[in-house]
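Report on one structure; see the data block that follows.
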6 protein chains.
Amino acid sequence: MNFEKRIESSATKMVKAVFPNTTNHYDTLFGGTALQWMDETAFITATRFSRQQMVTVSSERIDFTEAIPAGKLVELEGRVTNVGNTSLTVTVTMVIEDMYSEERSEAIKGNFNMVALDENRNPTAIKI
Amino acid sequence: MNFEKRIESSATKMVKAVFPNTTNHYDTLFGGTALQWMDETAFITATRFSRQQMVTVSSERIDFTEAIPAGKLVELEGRVTNVGNTSLTVTVTMVIEDMYSEERSEAIKGNFNMVALDENRNPTAIKI
Amino acid sequence: MNFEKRIESSATKMVKAVFPNTTNHYDTLFGGTALQWMDETAFITATRFSRQQMVTVSSERIDFTEAIPAGKLVELEGRVTNVGNTSLTVTVTMVIEDMYSEERSEAIKGNFNMVALDENRNPTAIKI
Amino acid sequence: MNFEKRIESSATKMVKAVFPNTTNHYDTLFGGTALQWMDETAFITATRFSRQQMVTVSSERIDFTEAIPAGKLVELEGRVTNVGNTSLTVTVTMVIEDMYSEERSEAIKGNFNMVALDENRNPTAIKI
Amino acid sequence: MNFEKRIESSATKMVKAVFPNTTNHYDTLFGGTALQWMDETAFITATRFSRQQMVTVSSERIDFTEAIPAGKLVELEGRVTNVGNTSLTVTVTMVIEDMYSEERSEAIKGNFNMVALDENRNPTAIKI
Amino acid sequence: MNFEKRIESSATKMVKAVFPNTTNHYDTLFGGTALQWMDETAFITATRFSRQQMVTVSSERIDFTEAIPAGKLVELEGRVTNVGNTSLTVTVTMVIEDMYSEERSEAIKGNFNMVALDENRNPTAIKI
């Protein structure tokens with residue numbers, strides 16, 4: 001599979017409903033839950049791109065532009081945006097989607113750097 | 001938005017990693033977790049199609065064709081396949097995807113019937 | 001143990017309180033949580049009947065007759081209702097019980113088909 | 001309903017499978033999870049007996065006689081064993097049940113004291 | 001390390017926010033969640049003191065002096081208060097802390113008895 | 001309370017055991033769980049410092065220096081390291097601690113920027 005095709009086929013979407021077990025006492029999505037979902041999206045995207053063992057080595061600056069109220073949907077999307085020797089970058093966006101209209105707005109965006117590991121859990125080249 | 005377009009734009013994908021907190025003591029995805037994910041996919045798909053309050057009224061026969069081992073990815077996809085007066089049907093498939101190869105196979109498929117509710121929680125016509 | 005006695009002694013009850021971490025944004029029990037509890041009840045009932053490795057192979061049509069508000073109790077009961085060669089059927093009912101009166105009503109009912117597996121995870125005869 | 005009948009009809013059973021999301025790193029049921037299940041059983045039993053708002057005011061000495069390995073079933077049973085003016089005692093037992101034999105043994109036993117609250121959340125007489 | 005120093009350095013603090021996924025339908029911290037957190041605190045404190053495998057053998061009487069409303073912080077503290085031959089006692093307190101003032105009050109206190117296990121999971125002397 | 005004292009008294013510790021429900025399929029702490037714990041620590045630290053409504057507006061670069069195996073303890077510590085007009089920065093460190101020795105090493109470190117909100121959820125001055 002060529003490079004462009006791998007980026008497309010590894011792009012990963014997840015839609016979630018903001019239910020009470022994901023919110024804080026302001027009835028908005030707890031920031032920690034948002035980060036957990038974003039990291040899971042990054043992990044799956046990176047794994048699908050490389051088909052190797054991948055782990056998070058760093059997250060870059062992540063801006064929480066908007067609070068996300070309970071009773072909304074959120075759509076996460078992960079996409080490989082940079083590929084290095086042993087690591088790659090996944091850009092994850094989280095979009096708020098109203099349940100009862102077509103209204104959508106980007107709430108959070110961040111880059112996750114993921115490294116490929118060999119069977120001894122040392123960094124290894126990403127197979128291209 | 002026309003009917004075909006609404007079906008396309010409401011189609012909902014979710015990818016998940018089968019981590020230890022989702023498995024039974026055979027180290028395979030617990031059937032109850034699979035059903036929970038499928039119902040969540042059906043709920044989101046139905047809500048996106050109708051932009052109305054939707055609840056599950058029934059699930060039809062669901063076949064668990066294959067056990068899903070820990071350490072796999074699963075991709076759920078929900079798609080509206082029938083629209084009645086006050087209810088609609090979402091077909092949900094769950095595909096197993098290997099982490100380290102392009103191998104994929106359908107593991108579970110089922111239909112969920114969802115009804116639209118008005119503000120008094122009585123069934124109401126699906127807006128078309 | 002004879003057949004009738006095995007059915008009685010494997011019948012399995014579970015009572016649960018509908019707390020905020022089990023509800024959707026309508027403050028009713030999330031359908032996916034209900035399905036998860038029913039499958040767990042079916043699994044335990046089948047295991048107690050056969051004392052063999054059991055997995056879910058299918059759920060038949062499940063009707064959600066009534067929404068289950070937060071702050072109610074639910075009682076699940078699983079009972080073996082059919083025994084085949086390598087599989088058996090567990091009928092699971094979920095009854096809503098008011099916390100502050102004796103009022104009870106059946107909310108959900110469904111059949112789960114469970115298959116017995118040998119040590120290689122192939123279907124095997126249910127020991128009778 | 002007379003006193004004896006209320007004790008019988010409020011007796012509450014819960015069966016659970018010890019899956020990986022309930023265990024510690026020794027692959028045995030985490031003590032905190034056991035306590036949580038016991039308190040939930042006590043709460044439901046007390047509520048069913050009194051049909052009033054009940055909260056835990058104290059747990060008495062609880063002995064963990066036996067470790068409970070992953071892959072076992074546990075059956076909890078709550079039963080009202082003493083009724084005072086504004087409070088009552090629920091005795092909760094947790095029995096280990098092997099999945100693949102009829103072997104059972106009591107693992108944990110404890111008393112939970114529950115008080116009835118009025119609408120202002122002050123202690124109130126248990127209706128007898 | 002001498003005895004006093006081990007008690008100090010094993011003392012363990014945990015602060016938690018009472019979010020919706022930890023509460024009952026009265027919007028107060030569910031008693032079972034409180035017990036789970038206390039046992040986890042006891043386990044960590046005991047492990048840090050002994051640096052051996054530790055498991056809970058009993059909890060002594062635990063009083064829930066005050067209900068803990070959603071939207072509060074709680075601070076748990078575990079401290080070794082008695083050391084026997086193969087077991088030790090951890091006293092765990094849970095203090096409610098208001099988010100928006102310096103107001104604090106003790107809500108729950110209890111003793112947990114923890115035993116040291118050798119590699120065969122038999123009780124063994126606590127190394128002093 | 002003066003500035004230095006507020007920084008000291010708001011410093012927040014949390015110790016956690018890496019149990020199976022927090023790990024990925026490599027049996028190491030899932031990165032998303034680590035981020036969730038760090039954000040919760042930042043939120044509590046910021047709230048204790050300001051005694052105002054605080055939400056996460058951004059996380060700065062976070063490095064995951066070391067994988068954290070199941071069966072370890074982790075100690076999180078949050079500390080206010082910068083205070084602006086309407087926002088403040090909490091530095092959160094996560095230290096791995098072996099259960100069976102005094103060995104400790106820093107695994108993750110990151111800064112979280114938290115903003116104070118008034119009752120209309122607009123940014124407001126941090127009270128100093």
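Just remember, in the structure tokens the first chain shown is A, the second B, etc., residues are 1-based per chain, and ligands are 1-based in the order shown.
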Give me, as a tab-separated table, the closest atom pair and its distance (Å, one decimal) for every residue of region 2-120 of chain B within a cut-off of 12 Å of region 118-121 of chain C, counting only C-alpha atoms, rows sorted by chain and rising number.
residue	atom	partner	partner_atom	distance
B:Tyr26	CA	C:Arg121	CA	9.9
B:Thr28	CA	C:Arg121	CA	11.5
B:Glu66	CA	C:Arg121	CA	11.0
B:Ala67	CA	C:Arg121	CA	9.6
For the residues in the current selection, export C-alpha atoms as a JSON list (two decimals), in the first residue's frame.
[["chain", "number", "residue", "atom", "x", "y", "z"],
["B", 26, "TYR", "CA", -11.28, -16.45, 28.60],
["B", 28, "THR", "CA", -12.01, -12.59, 24.81],
["B", 66, "GLU", "CA", -16.53, -15.32, 16.18],
["B", 67, "ALA", "CA", -14.87, -14.82, 19.57]]
Inset, instruction - Return as JSON, numbers by chain the residues belonging to chain D that are within 6 Å of chain C, counting only C-alpha atoms. - result: {"D": [13, 14, 15, 51, 52, 99, 100, 101]}
With all heavy atoms retained, could you export that selection as a JSON list (two decimals), in the first residue's frame?
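Okay, part_9.json is ready:
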[["chain", "number", "residue", "atom", "x", "y", "z"],
["D", 13, "LYS", "N", -30.29, -11.27, 46.37],
["D", 13, "LYS", "CA", -29.16, -12.04, 45.84],
["D", 13, "LYS", "C", -28.56, -11.35, 44.64],
["D", 13, "LYS", "O", -29.27, -10.78, 43.82],
["D", 13, "LYS", "CB", -29.63, -13.44, 45.44],
["D", 13, "LYS", "CG", -29.88, -14.34, 46.61],
["D", 13, "LYS", "CD", -30.07, -15.77, 46.15],
["D", 13, "LYS", "CE", -30.15, -16.69, 47.38],
["D", 13, "LYS", "NZ", -30.36, -18.10, 47.00],
["D", 14, "MET", "N", -27.25, -11.45, 44.53],
["D", 14, "MET", "CA", -26.55, -10.96, 43.35],
["D", 14, "MET", "C", -25.43, -11.93, 43.05],
["D", 14, "MET", "O", -24.64, -12.24, 43.94],
["D", 14, "MET", "CB", -25.92, -9.59, 43.64],
["D", 14, "MET", "CG", -26.88, -8.48, 43.37],
["D", 14, "MET", "SD", -25.97, -6.94, 43.13],
["D", 14, "MET", "CE", -25.89, -6.42, 44.83],
["D", 15, "VAL", "N", -25.36, -12.36, 41.80],
["D", 15, "VAL", "CA", -24.26, -13.23, 41.40],
["D", 15, "VAL", "C", -23.40, -12.45, 40.43],
["D", 15, "VAL", "O", -23.92, -11.75, 39.56],
["D", 15, "VAL", "CB", -24.78, -14.53, 40.74],
["D", 15, "VAL", "CG1", -23.63, -15.52, 40.57],
["D", 15, "VAL", "CG2", -25.89, -15.13, 41.56],
["D", 51, "ARG", "N", -38.74, 0.31, 52.30],
["D", 51, "ARG", "CA", -39.34, 1.18, 51.26],
["D", 51, "ARG", "C", -39.23, 2.66, 51.65],
["D", 51, "ARG", "O", -40.10, 3.47, 51.39],
["D", 51, "ARG", "CB", -40.82, 0.81, 51.01],
["D", 51, "ARG", "CG", -41.02, -0.63, 50.53],
["D", 51, "ARG", "CD", -40.39, -0.85, 49.18],
["D", 51, "ARG", "NE", -40.48, -2.25, 48.72],
["D", 51, "ARG", "CZ", -39.81, -2.70, 47.67],
["D", 51, "ARG", "NH1", -39.03, -1.90, 46.98],
["D", 51, "ARG", "NH2", -39.89, -3.96, 47.31],
["D", 52, "GLN", "N", -38.09, 2.99, 52.31],
["D", 52, "GLN", "CA", -37.77, 4.37, 52.68],
["D", 52, "GLN", "C", -36.36, 4.67, 52.18],
["D", 52, "GLN", "O", -35.62, 3.78, 51.78],
["D", 52, "GLN", "CB", -37.81, 4.51, 54.21],
["D", 52, "GLN", "CG", -39.20, 4.32, 54.81],
["D", 52, "GLN", "CD", -39.15, 4.22, 56.32],
["D", 52, "GLN", "OE1", -39.01, 3.13, 56.88],
["D", 52, "GLN", "NE2", -39.26, 5.35, 56.99],
["D", 99, "MET", "N", -16.86, -22.21, 38.84],
["D", 99, "MET", "CA", -17.65, -22.24, 37.60],
["D", 99, "MET", "C", -17.91, -23.67, 37.14],
["D", 99, "MET", "O", -18.95, -23.95, 36.54],
["D", 99, "MET", "CB", -16.92, -21.48, 36.48],
["D", 99, "MET", "CG", -17.03, -19.96, 36.61],
["D", 99, "MET", "SD", -16.66, -19.14, 35.05],
["D", 99, "MET", "CE", -16.70, -17.42, 35.56],
["D", 100, "TYR", "N", -16.96, -24.57, 37.41],
["D", 100, "TYR", "CA", -16.98, -25.88, 36.75],
["D", 100, "TYR", "C", -17.24, -27.03, 37.70],
["D", 100, "TYR", "O", -17.00, -28.19, 37.38],
["D", 100, "TYR", "CB", -15.69, -26.06, 35.94],
["D", 100, "TYR", "CG", -15.47, -24.88, 35.03],
["D", 100, "TYR", "CD1", -14.34, -24.09, 35.11],
["D", 100, "TYR", "CD2", -16.46, -24.52, 34.11],
["D", 100, "TYR", "CE1", -14.18, -22.97, 34.29],
["D", 100, "TYR", "CE2", -16.31, -23.41, 33.30],
["D", 100, "TYR", "CZ", -15.17, -22.63, 33.39],
["D", 100, "TYR", "OH", -15.04, -21.53, 32.59],
["D", 101, "SER", "N", -17.73, -26.74, 38.91],
["D", 101, "SER", "CA", -18.15, -27.78, 39.85],
["D", 101, "SER", "C", -19.18, -27.16, 40.78],
["D", 101, "SER", "O", -19.42, -25.96, 40.72],
["D", 101, "SER", "CB", -16.96, -28.30, 40.67],
["D", 101, "SER", "OG", -16.60, -27.34, 41.65]]
Legend entry - DSSP helix (DSSP H, G or I) selection over chain F, as number ranges by chain: F: 3-10, 20-22, 31-50
What does the file look like for those residues with N, CA, C and O atoms, as a CSV table (one decimal), in the first residue's frame?
chain,number,residue,atom,x,y,z
F,3,PHE,N,0.7,33.9,49.4
F,3,PHE,CA,0.9,33.2,48.2
F,3,PHE,C,1.6,31.9,48.4
F,3,PHE,O,1.2,30.8,47.9
F,4,GLU,N,2.7,31.9,49.1
F,4,GLU,CA,3.6,30.7,49.2
F,4,GLU,C,2.8,29.6,50.0
F,4,GLU,O,2.8,28.5,49.6
F,5,LYS,N,2.1,30.1,51.0
F,5,LYS,CA,1.3,29.1,51.8
F,5,LYS,C,0.2,28.5,50.9
F,5,LYS,O,-0.1,27.3,51.0
F,6,ARG,N,-0.4,29.3,50.0
F,6,ARG,CA,-1.5,28.7,49.2
F,6,ARG,C,-0.9,27.7,48.2
F,6,ARG,O,-1.6,26.7,47.9
F,7,ILE,N,0.3,28.0,47.7
F,7,ILE,CA,0.9,27.0,46.8
F,7,ILE,C,1.2,25.7,47.6
F,7,ILE,O,0.8,24.6,47.1
F,8,GLU,N,1.7,25.8,48.8
F,8,GLU,CA,2.0,24.6,49.6
F,8,GLU,C,0.7,23.8,49.9
F,8,GLU,O,0.6,22.6,49.8
F,9,SER,N,-0.3,24.6,50.4
F,9,SER,CA,-1.5,23.9,50.9
F,9,SER,C,-2.4,23.4,49.7
F,9,SER,O,-3.2,22.5,50.0
F,10,SER,N,-2.2,23.9,48.5
F,10,SER,CA,-3.0,23.3,47.4
F,10,SER,C,-2.2,22.2,46.7
F,10,SER,O,-2.9,21.5,45.9
F,20,PRO,N,-5.3,-4.3,36.6
F,20,PRO,CA,-5.7,-4.6,35.2
F,20,PRO,C,-6.7,-3.7,34.5
F,20,PRO,O,-6.7,-3.6,33.3
F,21,ASN,N,-7.6,-3.1,35.2
F,21,ASN,CA,-8.6,-2.2,34.5
F,21,ASN,C,-8.0,-0.9,34.1
F,21,ASN,O,-8.7,0.0,33.6
F,22,THR,N,-6.7,-0.7,34.2
F,22,THR,CA,-6.1,0.6,33.8
F,22,THR,C,-5.0,0.3,32.7
F,22,THR,O,-4.3,1.3,32.3
F,31,GLY,N,-1.8,5.0,28.1
F,31,GLY,CA,-1.5,6.5,28.1
F,31,GLY,C,-2.7,7.3,28.4
F,31,GLY,O,-2.6,8.4,29.1
F,32,GLY,N,-3.8,7.0,27.9
F,32,GLY,CA,-5.0,7.7,28.1
F,32,GLY,C,-5.4,7.8,29.6
F,32,GLY,O,-5.9,8.8,30.1
F,33,THR,N,-5.2,6.7,30.3
F,33,THR,CA,-5.5,6.6,31.7
F,33,THR,C,-4.6,7.6,32.4
F,33,THR,O,-5.0,8.3,33.4
F,34,ALA,N,-3.3,7.6,32.1
F,34,ALA,CA,-2.3,8.5,32.7
F,34,ALA,C,-2.7,9.9,32.5
F,34,ALA,O,-2.7,10.7,33.5
F,35,LEU,N,-3.1,10.3,31.3
F,35,LEU,CA,-3.6,11.7,31.0
F,35,LEU,C,-4.8,12.0,31.8
F,35,LEU,O,-4.9,13.1,32.4
F,36,GLN,N,-5.7,11.1,32.0
F,36,GLN,CA,-6.9,11.3,32.8
F,36,GLN,C,-6.6,11.6,34.2
F,36,GLN,O,-7.1,12.6,34.8
F,37,TRP,N,-5.7,10.8,34.8
F,37,TRP,CA,-5.3,11.0,36.2
F,37,TRP,C,-4.5,12.3,36.4
F,37,TRP,O,-4.7,13.0,37.4
F,38,MET,N,-3.7,12.7,35.4
F,38,MET,CA,-3.0,13.9,35.5
F,38,MET,C,-3.9,15.1,35.4
F,38,MET,O,-3.8,16.1,36.2
F,39,ASP,N,-4.9,15.1,34.5
F,39,ASP,CA,-5.8,16.2,34.4
F,39,ASP,C,-6.7,16.3,35.7
F,39,ASP,O,-6.9,17.4,36.2
F,40,GLU,N,-7.0,15.2,36.3
F,40,GLU,CA,-7.8,15.2,37.5
F,40,GLU,C,-7.0,15.8,38.6
F,40,GLU,O,-7.5,16.7,39.4
F,41,THR,N,-5.7,15.5,38.7
F,41,THR,CA,-4.8,16.1,39.7
F,41,THR,C,-4.7,17.6,39.5
F,41,THR,O,-4.7,18.4,40.4
F,42,ALA,N,-4.5,18.0,38.2
F,42,ALA,CA,-4.4,19.4,37.9
F,42,ALA,C,-5.7,20.2,38.3
F,42,ALA,O,-5.6,21.3,38.9
F,43,PHE,N,-6.8,19.6,38.0
F,43,PHE,CA,-8.1,20.2,38.4
F,43,PHE,C,-8.2,20.4,39.9
F,43,PHE,O,-8.6,21.5,40.3
F,44,ILE,N,-7.9,19.4,40.6
F,44,ILE,CA,-8.0,19.5,42.1
F,44,ILE,C,-7.0,20.5,42.6
F,44,ILE,O,-7.4,21.4,43.5
F,45,THR,N,-5.8,20.5,42.2
F,45,THR,CA,-4.8,21.4,42.6
F,45,THR,C,-5.2,22.9,42.4
F,45,THR,O,-5.1,23.8,43.2
F,46,ALA,N,-5.7,23.1,41.1
F,46,ALA,CA,-6.1,24.5,40.8
F,46,ALA,C,-7.3,24.9,41.6
F,46,ALA,O,-7.3,26.1,42.0
F,47,THR,N,-8.2,24.0,41.8
F,47,THR,CA,-9.4,24.4,42.6
F,47,THR,C,-9.0,24.7,44.1
F,47,THR,O,-9.5,25.7,44.7
F,48,ARG,N,-8.1,23.9,44.6
F,48,ARG,CA,-7.7,24.2,46.0
F,48,ARG,C,-6.9,25.5,46.1
F,48,ARG,O,-6.9,26.1,47.2
F,49,PHE,N,-6.2,25.9,45.1
F,49,PHE,CA,-5.4,27.1,45.1
F,49,PHE,C,-6.4,28.3,45.1
F,49,PHE,O,-6.3,29.2,45.9
F,50,SER,N,-7.3,28.3,44.1
F,50,SER,CA,-8.1,29.5,43.8
F,50,SER,C,-9.5,29.4,44.6
F,50,SER,O,-10.0,30.5,44.8
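Considering only C-alpha atoms, the residue among E:Met114, E:Val18, E:Ile128, E:Ala11 positioned nearest to Ile68 (chain E) is E:Val18.
We find CA of Thr23 (chain B) and CA of Met94 (chain B) to be spaced 15.8 Å apart.
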Inset, instruction - Could you give me the residues within chain E that DSSP places in strand (DSSP E or B), as a PyMOL selection string? - result: chain E and resi 12-17+23+28-29+53-59+62-64+69+73-83+87-97+104-117+123
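When CA of Phe64 (chain A) is paired with CA of Ile62 (chain F), their separation reads 15.4 Å.
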